[in-house]
>>> print(open('data-v3.cif').read())   # mmCIF, C-alpha atoms
data_my_file
#
loop_
_atom_site.group_PDB
_atom_site.id
_atom_site.type_symbol
_atom_site.label_atom_id
_atom_site.label_comp_id
_atom_site.auth_asym_id
_atom_site.auth_seq_id
_atom_site.Cartn_x
_atom_site.Cartn_y
_atom_site.Cartn_z
ATOM 1 C CA MET A 20 9.703 -10.729 -128.594
ATOM 2 C CA LEU A 21 8.771 -9.354 -125.193
ATOM 3 C CA VAL A 22 7.399 -5.793 -125.278
ATOM 4 C CA SER A 23 5.382 -3.316 -123.210
ATOM 5 C CA LEU A 24 1.622 -2.871 -123.308
ATOM 6 C CA ASN A 25 1.952 0.729 -124.477
ATOM 7 C CA GLU A 26 4.004 -0.371 -127.479
ATOM 8 C CA VAL A 27 1.284 -2.637 -128.864
ATOM 9 C CA LEU A 28 -1.510 -0.200 -127.945
ATOM 10 C CA LYS A 29 0.209 2.542 -129.948
ATOM 11 C CA TYR A 30 0.414 0.115 -132.877
ATOM 12 C CA ALA A 31 -3.294 -0.669 -132.451
ATOM 13 C CA GLU A 32 -4.205 3.027 -132.423
ATOM 14 C CA LYS A 33 -2.140 3.703 -135.533
ATOM 15 C CA LYS A 34 -3.799 0.815 -137.392
ATOM 16 C CA SER A 35 -7.291 1.371 -135.886
ATOM 17 C CA ILE A 36 -7.420 -2.252 -134.691
ATOM 18 C CA ALA A 37 -7.524 -4.053 -131.352
ATOM 19 C CA ILE A 38 -4.905 -6.355 -129.860
ATOM 20 C CA GLY A 39 -6.152 -9.707 -128.588
ATOM 21 C CA ALA A 40 -5.399 -10.504 -124.943
ATOM 22 C CA PHE A 41 -5.718 -14.244 -124.326
ATOM 23 C CA ASN A 42 -5.573 -15.937 -120.943
ATOM 24 C CA VAL A 43 -2.896 -18.524 -120.159
ATOM 25 C CA PRO A 44 -3.778 -21.160 -117.527
ATOM 26 C CA ASN A 45 -1.342 -23.742 -118.960
ATOM 27 C CA TRP A 46 1.534 -24.402 -121.361
ATOM 28 C CA GLU A 47 -0.731 -25.328 -124.297
ATOM 29 C CA SER A 48 -2.589 -22.017 -124.170
ATOM 30 C CA ALA A 49 0.624 -19.998 -124.365
ATOM 31 C CA GLN A 50 1.882 -22.132 -127.228
ATOM 32 C CA ALA A 51 -1.394 -21.820 -129.149
ATOM 33 C CA ILE A 52 -1.555 -18.047 -128.728
ATOM 34 C CA CYS A 53 2.036 -17.419 -129.800
ATOM 35 C CA ASP A 54 1.722 -19.804 -132.754
ATOM 36 C CA ALA A 55 -1.367 -17.832 -133.814
ATOM 37 C CA ALA A 56 0.577 -14.570 -133.466
ATOM 38 C CA GLU A 57 3.268 -15.877 -135.797
ATOM 39 C CA GLU A 58 0.739 -17.173 -138.328
ATOM 40 C CA THR A 59 -1.152 -13.870 -138.449
ATOM 41 C CA GLU A 60 1.980 -11.721 -137.987
ATOM 42 C CA LYS A 61 0.217 -9.693 -135.305
ATOM 43 C CA PRO A 62 1.106 -8.754 -131.705
ATOM 44 C CA VAL A 63 -0.669 -10.541 -128.865
ATOM 45 C CA ILE A 64 -1.065 -10.167 -125.120
ATOM 46 C CA LEU A 65 -0.624 -13.156 -122.815
ATOM 47 C CA ASN A 66 -2.890 -12.742 -119.774
ATOM 48 C CA TYR A 67 -2.593 -14.434 -116.419
ATOM 49 C CA ALA A 68 -5.473 -13.928 -113.988
ATOM 50 C CA PRO A 69 -5.327 -14.875 -110.289
ATOM 51 C CA VAL A 70 -8.552 -16.872 -110.782
ATOM 52 C CA HIS A 71 -6.434 -19.366 -112.751
ATOM 53 C CA ALA A 72 -4.314 -20.168 -109.680
ATOM 54 C CA PRO A 73 -6.010 -23.589 -109.202
ATOM 55 C CA PHE A 74 -4.640 -24.585 -112.628
ATOM 56 C CA MET A 75 -1.246 -22.862 -112.488
ATOM 57 C CA SER A 76 0.504 -20.555 -110.033
ATOM 58 C CA MET A 77 1.520 -17.053 -111.028
ATOM 59 C CA GLU A 78 5.171 -18.065 -110.650
ATOM 60 C CA ASP A 79 4.809 -20.959 -113.098
ATOM 61 C CA ALA A 80 2.690 -18.866 -115.459
ATOM 62 C CA ALA A 81 5.346 -16.153 -115.527
ATOM 63 C CA GLU A 82 8.060 -18.609 -116.577
ATOM 64 C CA ILE A 83 5.909 -20.126 -119.304
ATOM 65 C CA MET A 84 4.616 -16.814 -120.681
ATOM 66 C CA LEU A 85 8.041 -15.167 -120.641
ATOM 67 C CA TYR A 86 9.547 -18.211 -122.364
ATOM 68 C CA PHE A 87 7.054 -18.084 -125.223
ATOM 69 C CA ALA A 88 7.066 -14.272 -125.423
ATOM 70 C CA LYS A 89 10.844 -14.107 -125.816
ATOM 71 C CA LYS A 90 11.004 -16.824 -128.476
ATOM 72 C CA CYS A 91 8.013 -15.572 -130.488
ATOM 73 C CA LYS A 92 8.822 -13.695 -133.709
ATOM 74 C CA GLN A 93 5.973 -11.259 -133.070
ATOM 75 C CA LYS A 94 5.554 -8.733 -130.255
ATOM 76 C CA VAL A 95 4.137 -10.250 -127.075
ATOM 77 C CA VAL A 96 3.036 -8.547 -123.855
ATOM 78 C CA VAL A 97 3.003 -10.504 -120.580
ATOM 79 C CA HIS A 98 0.096 -9.046 -118.637
ATOM 80 C CA LEU A 99 -1.529 -9.531 -115.237
ATOM 81 C CA ASP A 100 -5.303 -9.636 -115.714
ATOM 82 C CA HIS A 101 -7.580 -8.498 -112.857
ATOM 83 C CA GLY A 102 -4.882 -7.982 -110.259
ATOM 84 C CA THR A 103 -6.697 -8.076 -106.958
ATOM 85 C CA ASP A 104 -4.650 -5.537 -105.001
ATOM 86 C CA PHE A 105 -1.372 -3.609 -104.822
ATOM 87 C CA ASP A 106 0.638 -6.596 -103.569
ATOM 88 C CA CYS A 107 -0.667 -8.847 -106.355
ATOM 89 C CA CYS A 108 0.459 -6.325 -108.979
ATOM 90 C CA MET A 109 3.878 -5.887 -107.375
ATOM 91 C CA LYS A 110 4.360 -9.660 -107.314
ATOM 92 C CA ALA A 111 3.655 -9.820 -111.049
ATOM 93 C CA ILE A 112 6.163 -7.059 -111.714
ATOM 94 C CA ARG A 113 8.853 -8.848 -109.719
ATOM 95 C CA LEU A 114 8.186 -11.976 -111.796
ATOM 96 C CA GLY A 115 8.780 -10.078 -115.039
ATOM 97 C CA PHE A 116 5.302 -9.113 -116.281
ATOM 98 C CA THR A 117 5.485 -6.094 -118.615
ATOM 99 C CA SER A 118 2.061 -4.746 -117.634
ATOM 100 C CA VAL A 119 -0.493 -5.184 -114.874
ATOM 101 C CA MET A 120 -4.193 -4.582 -114.407
ATOM 102 C CA ILE A 121 -5.339 -3.371 -111.044
ATOM 103 C CA ASP A 122 -9.037 -4.108 -110.696
ATOM 104 C CA SER A 123 -10.493 -2.077 -107.874
ATOM 105 C CA SER A 124 -13.772 -1.449 -109.698
ATOM 106 C CA ALA A 125 -15.830 -3.118 -106.949
ATOM 107 C CA SER A 126 -14.686 -0.374 -104.564
ATOM 108 C CA SER A 127 -16.040 3.148 -104.499
ATOM 109 C CA PHE A 128 -14.905 5.461 -107.289
ATOM 110 C CA GLU A 129 -12.688 7.359 -104.846
ATOM 111 C CA GLU A 130 -11.095 4.173 -103.501
ATOM 112 C CA ASN A 131 -10.570 2.916 -107.053
ATOM 113 C CA ILE A 132 -8.664 6.113 -107.842
ATOM 114 C CA GLU A 133 -6.458 5.880 -104.758
ATOM 115 C CA THR A 134 -5.604 2.205 -105.276
ATOM 116 C CA THR A 135 -4.891 2.719 -108.972
ATOM 117 C CA LYS A 136 -2.729 5.780 -108.276
ATOM 118 C CA ALA A 137 -0.558 3.727 -105.928
ATOM 119 C CA VAL A 138 -0.134 0.932 -108.483
ATOM 120 C CA VAL A 139 0.583 3.385 -111.320
ATOM 121 C CA ARG A 140 3.195 5.242 -109.265
ATOM 122 C CA ALA A 141 5.075 2.069 -108.354
ATOM 123 C CA SER A 142 4.706 0.430 -111.775
ATOM 124 C CA HIS A 143 5.717 3.435 -113.854
ATOM 125 C CA ALA A 144 8.808 3.810 -111.677
ATOM 126 C CA VAL A 145 10.081 0.506 -113.094
ATOM 127 C CA GLY A 146 8.745 0.899 -116.638
ATOM 128 C CA VAL A 147 5.627 -1.259 -116.308
ATOM 129 C CA ASP A 148 2.314 -0.140 -117.845
ATOM 130 C CA VAL A 149 -0.994 -0.246 -115.993
ATOM 131 C CA GLU A 150 -4.607 -1.007 -116.921
ATOM 132 C CA ALA A 151 -7.519 -0.279 -114.593
ATOM 133 C CA GLU A 152 -11.308 -0.509 -114.749
ATOM 134 C CA VAL A 153 -14.125 2.004 -114.326
ATOM 135 C CA GLY A 154 -17.673 0.663 -114.289
ATOM 136 C CA HIS A 155 -18.719 -2.914 -113.576
ATOM 137 C CA ILE A 156 -18.204 -5.903 -115.859
ATOM 138 C CA PHE A 157 -20.005 -8.918 -114.426
ATOM 139 C CA ALA A 158 -19.802 -12.641 -114.916
ATOM 140 C CA SER A 159 -22.364 -13.664 -117.527
ATOM 141 C CA ALA A 160 -24.703 -15.190 -114.947
ATOM 142 C CA THR A 161 -25.224 -11.721 -113.443
ATOM 143 C CA GLY A 162 -24.624 -9.618 -116.539
ATOM 144 C CA VAL A 163 -26.847 -6.901 -117.902
ATOM 145 C CA GLY A 164 -29.994 -8.471 -119.346
ATOM 146 C CA LYS A 165 -32.655 -7.301 -121.770
ATOM 147 C CA GLU A 166 -34.135 -4.901 -119.219
ATOM 148 C CA PRO A 167 -31.082 -3.135 -117.775
ATOM 149 C CA LYS A 168 -33.129 -0.887 -115.484
ATOM 150 C CA LYS A 169 -34.276 -3.975 -113.571
ATOM 151 C CA ILE A 170 -30.811 -5.350 -112.845
ATOM 152 C CA GLU A 171 -30.573 -7.694 -109.884
ATOM 153 C CA THR A 172 -27.009 -8.551 -108.873
ATOM 154 C CA LYS A 173 -25.035 -9.202 -105.721
ATOM 155 C CA ASP A 174 -24.051 -5.520 -105.785
ATOM 156 C CA SER A 175 -27.701 -4.437 -105.869
ATOM 157 C CA PHE A 176 -27.314 -1.986 -108.738
ATOM 158 C CA SER A 177 -30.649 -0.429 -109.617
ATOM 159 C CA ASN A 178 -29.648 1.994 -112.377
ATOM 160 C CA ILE A 179 -27.776 1.266 -115.589
ATOM 161 C CA GLU A 180 -25.639 4.389 -115.080
ATOM 162 C CA ASP A 181 -24.217 2.733 -111.956
ATOM 163 C CA VAL A 182 -23.025 -0.187 -114.100
ATOM 164 C CA TYR A 183 -21.876 1.258 -117.422
ATOM 165 C CA THR A 184 -18.839 3.533 -117.533
ATOM 166 C CA GLN A 185 -19.753 7.214 -117.516
ATOM 167 C CA PRO A 186 -17.673 9.443 -119.857
ATOM 168 C CA GLU A 187 -17.067 12.122 -117.223
ATOM 169 C CA LYS A 188 -15.950 9.486 -114.704
ATOM 170 C CA ALA A 189 -13.501 8.024 -117.229
ATOM 171 C CA ARG A 190 -12.023 11.479 -117.849
ATOM 172 C CA GLU A 191 -11.726 12.192 -114.132
ATOM 173 C CA PHE A 192 -10.174 8.785 -113.498
ATOM 174 C CA LYS A 193 -7.522 9.207 -116.191
ATOM 175 C CA LYS A 194 -6.599 12.681 -114.975
ATOM 176 C CA ALA A 195 -6.294 11.505 -111.378
ATOM 177 C CA THR A 196 -4.356 8.280 -111.987
ATOM 178 C CA ASP A 197 -2.416 8.638 -115.276
ATOM 179 C CA VAL A 198 -3.321 5.014 -116.027
ATOM 180 C CA ASP A 199 -2.216 3.696 -119.440
ATOM 181 C CA ALA A 200 -5.342 1.764 -120.481
ATOM 182 C CA LEU A 201 -8.894 1.693 -119.201
ATOM 183 C CA ALA A 202 -11.327 -1.222 -119.184
ATOM 184 C CA ILE A 203 -14.798 0.195 -119.709
ATOM 185 C CA ALA A 204 -18.256 -1.285 -119.161
ATOM 186 C CA PHE A 205 -20.794 -1.102 -121.970
ATOM 187 C CA GLY A 206 -22.691 -4.375 -121.666
ATOM 188 C CA THR A 207 -20.225 -7.239 -122.111
ATOM 189 C CA SER A 208 -19.790 -9.946 -119.453
ATOM 190 C CA HIS A 209 -17.131 -12.477 -118.544
ATOM 191 C CA GLY A 210 -17.775 -16.105 -119.439
ATOM 192 C CA LEU A 211 -20.543 -17.744 -121.456
ATOM 193 C CA TYR A 212 -23.521 -15.576 -122.274
ATOM 194 C CA LEU A 213 -26.733 -17.020 -120.881
ATOM 195 C CA THR A 214 -28.730 -14.443 -122.845
ATOM 196 C CA LYS A 215 -27.802 -12.159 -125.713
ATOM 197 C CA PRO A 216 -25.930 -9.182 -124.209
ATOM 198 C CA VAL A 217 -27.353 -5.691 -124.654
ATOM 199 C CA LEU A 218 -24.403 -3.605 -125.810
ATOM 200 C CA ASP A 219 -24.193 0.166 -125.685
ATOM 201 C CA LEU A 220 -21.527 0.494 -128.372
ATOM 202 C CA GLU A 221 -22.193 4.214 -128.802
ATOM 203 C CA ARG A 222 -21.064 4.695 -125.201
ATOM 204 C CA ILE A 223 -17.502 3.859 -126.324
ATOM 205 C CA THR A 224 -17.644 6.823 -128.714
ATOM 206 C CA GLN A 225 -18.973 9.076 -125.964
ATOM 207 C CA ILE A 226 -16.177 8.030 -123.603
ATOM 208 C CA ARG A 227 -13.584 8.525 -126.343
ATOM 209 C CA LYS A 228 -14.827 12.090 -126.871
ATOM 210 C CA ALA A 229 -14.365 12.725 -123.160
ATOM 211 C CA VAL A 230 -10.880 11.253 -122.852
ATOM 212 C CA LYS A 231 -8.336 10.160 -125.463
ATOM 213 C CA MET A 232 -6.713 6.916 -124.328
ATOM 214 C CA PRO A 233 -6.757 3.183 -125.182
ATOM 215 C CA PHE A 234 -9.920 1.392 -124.057
ATOM 216 C CA VAL A 235 -10.216 -2.278 -123.174
ATOM 217 C CA MET A 236 -13.103 -4.685 -123.727
ATOM 218 C CA HIS A 237 -13.475 -7.422 -121.134
ATOM 219 C CA GLY A 238 -15.894 -10.273 -121.725
ATOM 220 C CA GLY A 239 -15.068 -10.380 -125.422
ATOM 221 C CA SER A 240 -15.954 -13.982 -126.235
ATOM 222 C CA GLY A 241 -19.294 -14.715 -127.889
ATOM 223 C CA LEU A 242 -19.890 -11.435 -129.711
ATOM 224 C CA THR A 243 -20.497 -11.211 -133.447
ATOM 225 C CA LYS A 244 -17.845 -10.012 -135.866
ATOM 226 C CA LYS A 245 -19.900 -6.858 -136.467
ATOM 227 C CA GLU A 246 -20.116 -6.131 -132.729
ATOM 228 C CA PHE A 247 -16.372 -6.586 -132.290
ATOM 229 C CA GLN A 248 -15.525 -4.392 -135.240
ATOM 230 C CA THR A 249 -17.984 -1.663 -134.303
ATOM 231 C CA ALA A 250 -16.448 -1.567 -130.823
ATOM 232 C CA ILE A 251 -12.992 -1.298 -132.391
ATOM 233 C CA LYS A 252 -14.125 1.457 -134.732
ATOM 234 C CA ASN A 253 -15.474 3.352 -131.731
ATOM 235 C CA GLY A 254 -12.195 3.134 -129.801
ATOM 236 C CA ILE A 255 -11.547 -0.301 -128.266
ATOM 237 C CA ARG A 256 -7.835 -1.145 -128.603
ATOM 238 C CA LYS A 257 -7.481 -4.282 -126.431
ATOM 239 C CA ILE A 258 -9.915 -7.184 -126.302
ATOM 240 C CA ASN A 259 -9.788 -9.822 -123.580
ATOM 241 C CA TYR A 260 -10.790 -13.173 -125.058
ATOM 242 C CA TYR A 261 -10.649 -16.544 -123.362
ATOM 243 C CA THR A 262 -13.848 -18.556 -122.939
ATOM 244 C CA TYR A 263 -14.405 -19.555 -126.556
ATOM 245 C CA MET A 264 -10.711 -20.237 -127.060
ATOM 246 C CA THR A 265 -10.595 -22.746 -124.230
ATOM 247 C CA LEU A 266 -13.960 -24.214 -125.276
ATOM 248 C CA ALA A 267 -12.502 -24.864 -128.724
ATOM 249 C CA GLY A 268 -9.700 -26.864 -127.131
ATOM 250 C CA GLY A 269 -12.072 -28.811 -124.919
ATOM 251 C CA ASP A 270 -14.501 -29.556 -127.744
ATOM 252 C CA ALA A 271 -11.695 -30.849 -129.967
ATOM 253 C CA VAL A 272 -10.536 -33.258 -127.259
ATOM 254 C CA LYS A 273 -14.117 -34.364 -126.616
ATOM 255 C CA GLN A 274 -14.699 -35.079 -130.304
ATOM 256 C CA ALA A 275 -11.491 -37.100 -130.532
ATOM 257 C CA LEU A 276 -12.484 -39.190 -127.513
ATOM 258 C CA LEU A 277 -16.009 -39.735 -128.833
ATOM 259 C CA LYS A 278 -14.643 -40.855 -132.191
ATOM 260 C CA SER A 279 -12.287 -43.306 -130.510
ATOM 261 C CA GLU A 280 -15.078 -44.677 -128.332
ATOM 262 C CA LYS A 281 -17.382 -45.042 -131.332
ATOM 263 C CA ASN A 282 -14.754 -47.040 -133.227
ATOM 264 C CA ALA A 283 -14.090 -49.226 -130.187
ATOM 265 C CA VAL A 284 -17.778 -50.064 -129.869
ATOM 266 C CA ALA A 285 -17.886 -50.879 -133.584
ATOM 267 C CA GLY A 286 -14.972 -53.274 -133.150
ATOM 268 C CA ASP A 287 -12.496 -51.158 -135.129
ATOM 269 C CA LYS A 288 -9.006 -52.120 -133.948
ATOM 270 C CA ASN A 289 -7.219 -49.442 -135.936
ATOM 271 C CA GLN A 290 -4.580 -48.166 -133.498
ATOM 272 C CA LYS A 291 -4.504 -44.760 -135.206
ATOM 273 C CA GLU A 292 -7.916 -44.019 -133.717
ATOM 274 C CA ASN A 293 -6.686 -44.435 -130.148
ATOM 275 C CA VAL A 294 -6.340 -41.260 -128.114
ATOM 276 C CA PHE A 295 -3.303 -41.405 -125.872
ATOM 277 C CA PHE A 296 -2.810 -38.899 -123.059
ATOM 278 C CA HIS A 297 0.072 -37.249 -124.923
ATOM 279 C CA ASP A 298 -2.309 -36.638 -127.841
ATOM 280 C CA ILE A 299 -4.687 -34.551 -125.767
ATOM 281 C CA PRO A 300 -2.528 -31.409 -125.297
ATOM 282 C CA VAL A 301 -1.692 -31.392 -129.017
ATOM 283 C CA ILE A 302 -5.337 -31.735 -130.036
ATOM 284 C CA ALA A 303 -6.351 -28.922 -127.681
ATOM 285 C CA ALA A 304 -3.480 -26.610 -128.670
ATOM 286 C CA ASN A 305 -4.195 -26.971 -132.387
ATOM 287 C CA ALA A 306 -7.889 -26.199 -131.903
ATOM 288 C CA MET A 307 -7.150 -23.208 -129.661
ATOM 289 C CA LYS A 308 -4.660 -21.864 -132.177
ATOM 290 C CA GLU A 309 -7.272 -21.968 -134.953
ATOM 291 C CA ASN A 310 -9.747 -20.134 -132.738
ATOM 292 C CA VAL A 311 -7.203 -17.482 -131.768
ATOM 293 C CA VAL A 312 -6.160 -16.972 -135.400
ATOM 294 C CA GLU A 313 -9.781 -16.226 -136.315
ATOM 295 C CA ALA A 314 -10.156 -13.852 -133.358
ATOM 296 C CA ILE A 315 -6.960 -11.960 -134.244
ATOM 297 C CA ARG A 316 -8.123 -11.549 -137.838
ATOM 298 C CA ILE A 317 -11.484 -10.196 -136.696
ATOM 299 C CA PHE A 318 -9.769 -7.797 -134.279
ATOM 300 C CA SER A 319 -7.468 -6.693 -137.124
ATOM 301 C CA ASN A 320 -10.427 -6.073 -139.486
ATOM 302 C CA GLU A 321 -9.017 -8.640 -141.910
ATOM 303 C CA ILE A 322 -12.187 -10.741 -142.190
#
>>> encode(input="data-v3.cif", output="structure tokens")
Amino acid sequence: MLVSLNEVLKYAEKKSIAIGAFNVPNWESAQAICDAAEETEKPVILNYAPVHAPFMSMEDAAEIMLYFAKKCKQKVVVHLDHGTDFDCCMKAIRLGFTSVMIDSSASSFEENIETTKAVVRASHAVGVDVEAEVGHIFASATGVGKEPKKIETKDSFSNIEDVYTQPEKAREFKKATDVDALAIAFGTSHGLYLTKPVLDLERITQIRKAVKMPFVMHGGSGLTKKEFQTAIKNGIRKINYYTYMTLAGGDAVKQALLKSEKNAVAGDKNQKENVFFHDIPVIAANAMKENVVEAIRIFSNEI
């Protein structure tokens, strides 16, 4: 069933868990995520990010996500991830998304506030919830390394306090914008980790003491169960998770193709070992579902 972001975040706060937000660049991803929601009997968030436009347009993604959200027996949010500007967020709302993220974190703090205020004002007027970001969450190739005070990135940050979210800034941002959820930076990165991330999990607690609201973890793939659950205990209520889900689908397809090729080389004519094109989406969807089920159970403190 299609619901708002605030509805599932209130559930997460009541249960002291986090809701998984999984990106949808195709039909199979949406199917896998919603099947996992039904198996675990937990809410989920379907994310669409503009960076996935080469694989699927926002218009097509909206139709697919809304279709699966409405037919799913569990609560499902249809969310815009990393909306690039005001117009991008408004487009998502017109297409039926129930929440949007405006990511103006690369701008100055003051500009971030002004852009987020405009999106919140317009979105709340039509009953749509808003997430924003304070701090800087990088791609893994430029993420925070073992020596955070020696960071070298395209943004030329020289001090860790310019990267991680500061509690007083989070409080000021919430007061100024009335945003519904806040993505905070404490050491995670988007994509595959090239080195083990240095996480400041205690920073979540410090931010939570400064401002009471739902916090979001971006760059969630690749962490240990203990790291996830400590973050949740400290106040994370939404976890964005994609890389390892889609890798699971890709690896399953690769293994099926390798097995078929191995049998062909060995002269095995068993037709059941052939991999037809229509098999590939099913193989990927099943593997992604298993990965998402495990993630949801970790986020729900069930394993």
>>> closest_residue(input="data-v3.cif", among="A:Thr196, A:Thr265, A:Asn45, A:Ser76", to="Thr135 of chain A", atoms="only C-alpha atoms")
A:Thr196
>>> residues_around(input="data-v3.cif", residues="Gly146 of chain A", least_positions_apart="5", cutoff="9 Å", atoms="all atoms listed in the file", output="ChimeraX atom specification")
/A:23,117-118
>>> resolve_selection(input="data-v3.cif", expression="the PyMOL selection byres ((chain A and resi 63-68) around 6)", output="PyMOL selection string")
chain A and resi 39-43+62+69-71+95-101
>>> closest_residue(input="data-v3.cif", among="A:Ile156, A:Arg140, A:Ala200, A:Gly115", to="Leu24 of chain A", atoms="all atoms listed in the file")
A:Ala200
>>> closest_residue(input="data-v3.cif", among="A:Gly238, A:Met84, A:Phe295, A:Ser279", to="Glu47 of chain A", atoms="only C-alpha atoms")
A:Met84
>>> resolve_selection(input="data-v3.cif", expression="the PyMOL selection byres ((chain A and resi 27-36) around 10)", output="ChimeraX atom specification")
/A:22-26,37-39,61-64,94-96,199-200,232-234,248,250-257,315-321
>>> closest_residue(input="data-v3.cif", among="A:Asn310, A:Phe105, A:Glu191, A:Asn293", to="Lys278 of chain A", atoms="all atoms listed in the file")
A:Asn293
>>> resolve_selection(input="data-v3.cif", expression="the PyMOL selection byres ((chain A and resi 137) around 12)", output="list in words")
Asp104, Phe105, Asp106, Cys108, Met109, Ile121, Ser123, Glu130, Asn131, Ile132, Glu133, Thr134, Thr135, Lys136, Val138, Val139, Arg140, Ala141, Ser142, His143, Ala144, Val149, Ala151, Ala195, Thr196, Asp197 and Val198 of chain A
>>> closest_residue(input="data-v3.cif", among="A:Ala229, A:Arg222, A:Ser208, A:Cys91", to="Lys193 of chain A", atoms="all atoms listed in the file")
A:Ala229
>>> residues_near_point(input="data-v3.cif", point="(-3.2, -17.1, -137.3)", cutoff="7 Å", atoms="only C-alpha atoms", output="list of chain:residue names")
A:Ala55, A:Ala56, A:Glu57, A:Glu58, A:Thr59, A:Glu309, A:Val311, A:Val312, A:Glu313
>>> closest_residue(input="data-v3.cif", among="A:Val294, A:Ile223, A:Met264, A:Ala72", to="Ile52 of chain A", atoms="only C-alpha atoms")
A:Met264
>>> atom_distance(input="data-v3.cif", atom1="atom CA of Thr207 of chain A", atom2="atom CA of His155 of chain A")
9.7 Å
>>> atom_distance(input="data-v3.cif", atom1="atom CA of Thr243 of chain A", atom2="atom CA of Ile322 of chain A")
12.1 Å
>>> atom_distance(input="data-v3.cif", atom1="atom CA of Gly239 of chain A", atom2="atom CA of Leu266 of chain A")
13.9 Å
>>> residues_around(input="data-v3.cif", residues="Ala189 of chain A", least_positions_apart="6", cutoff="10 Å", atoms="all atoms listed in the file", output="PyMOL selection string")
chain A and resi 152-154+195+201-203+226-227+229-232
>>> residues_around(input="data-v3.cif", residues="Leu276 of chain A", least_positions_apart="2", cutoff="12 Å", atoms="all atoms listed in the file", output="list of chain:residue names")
A:Gly269, A:Asp270, A:Ala271, A:Val272, A:Lys273, A:Gln274, A:Lys278, A:Ser279, A:Glu280, A:Lys281, A:Asn282, A:Ala283, A:Glu292, A:Asn293, A:Val294, A:Phe295, A:Phe296, A:Asp298, A:Ile299, A:Ile302, A:Ala303
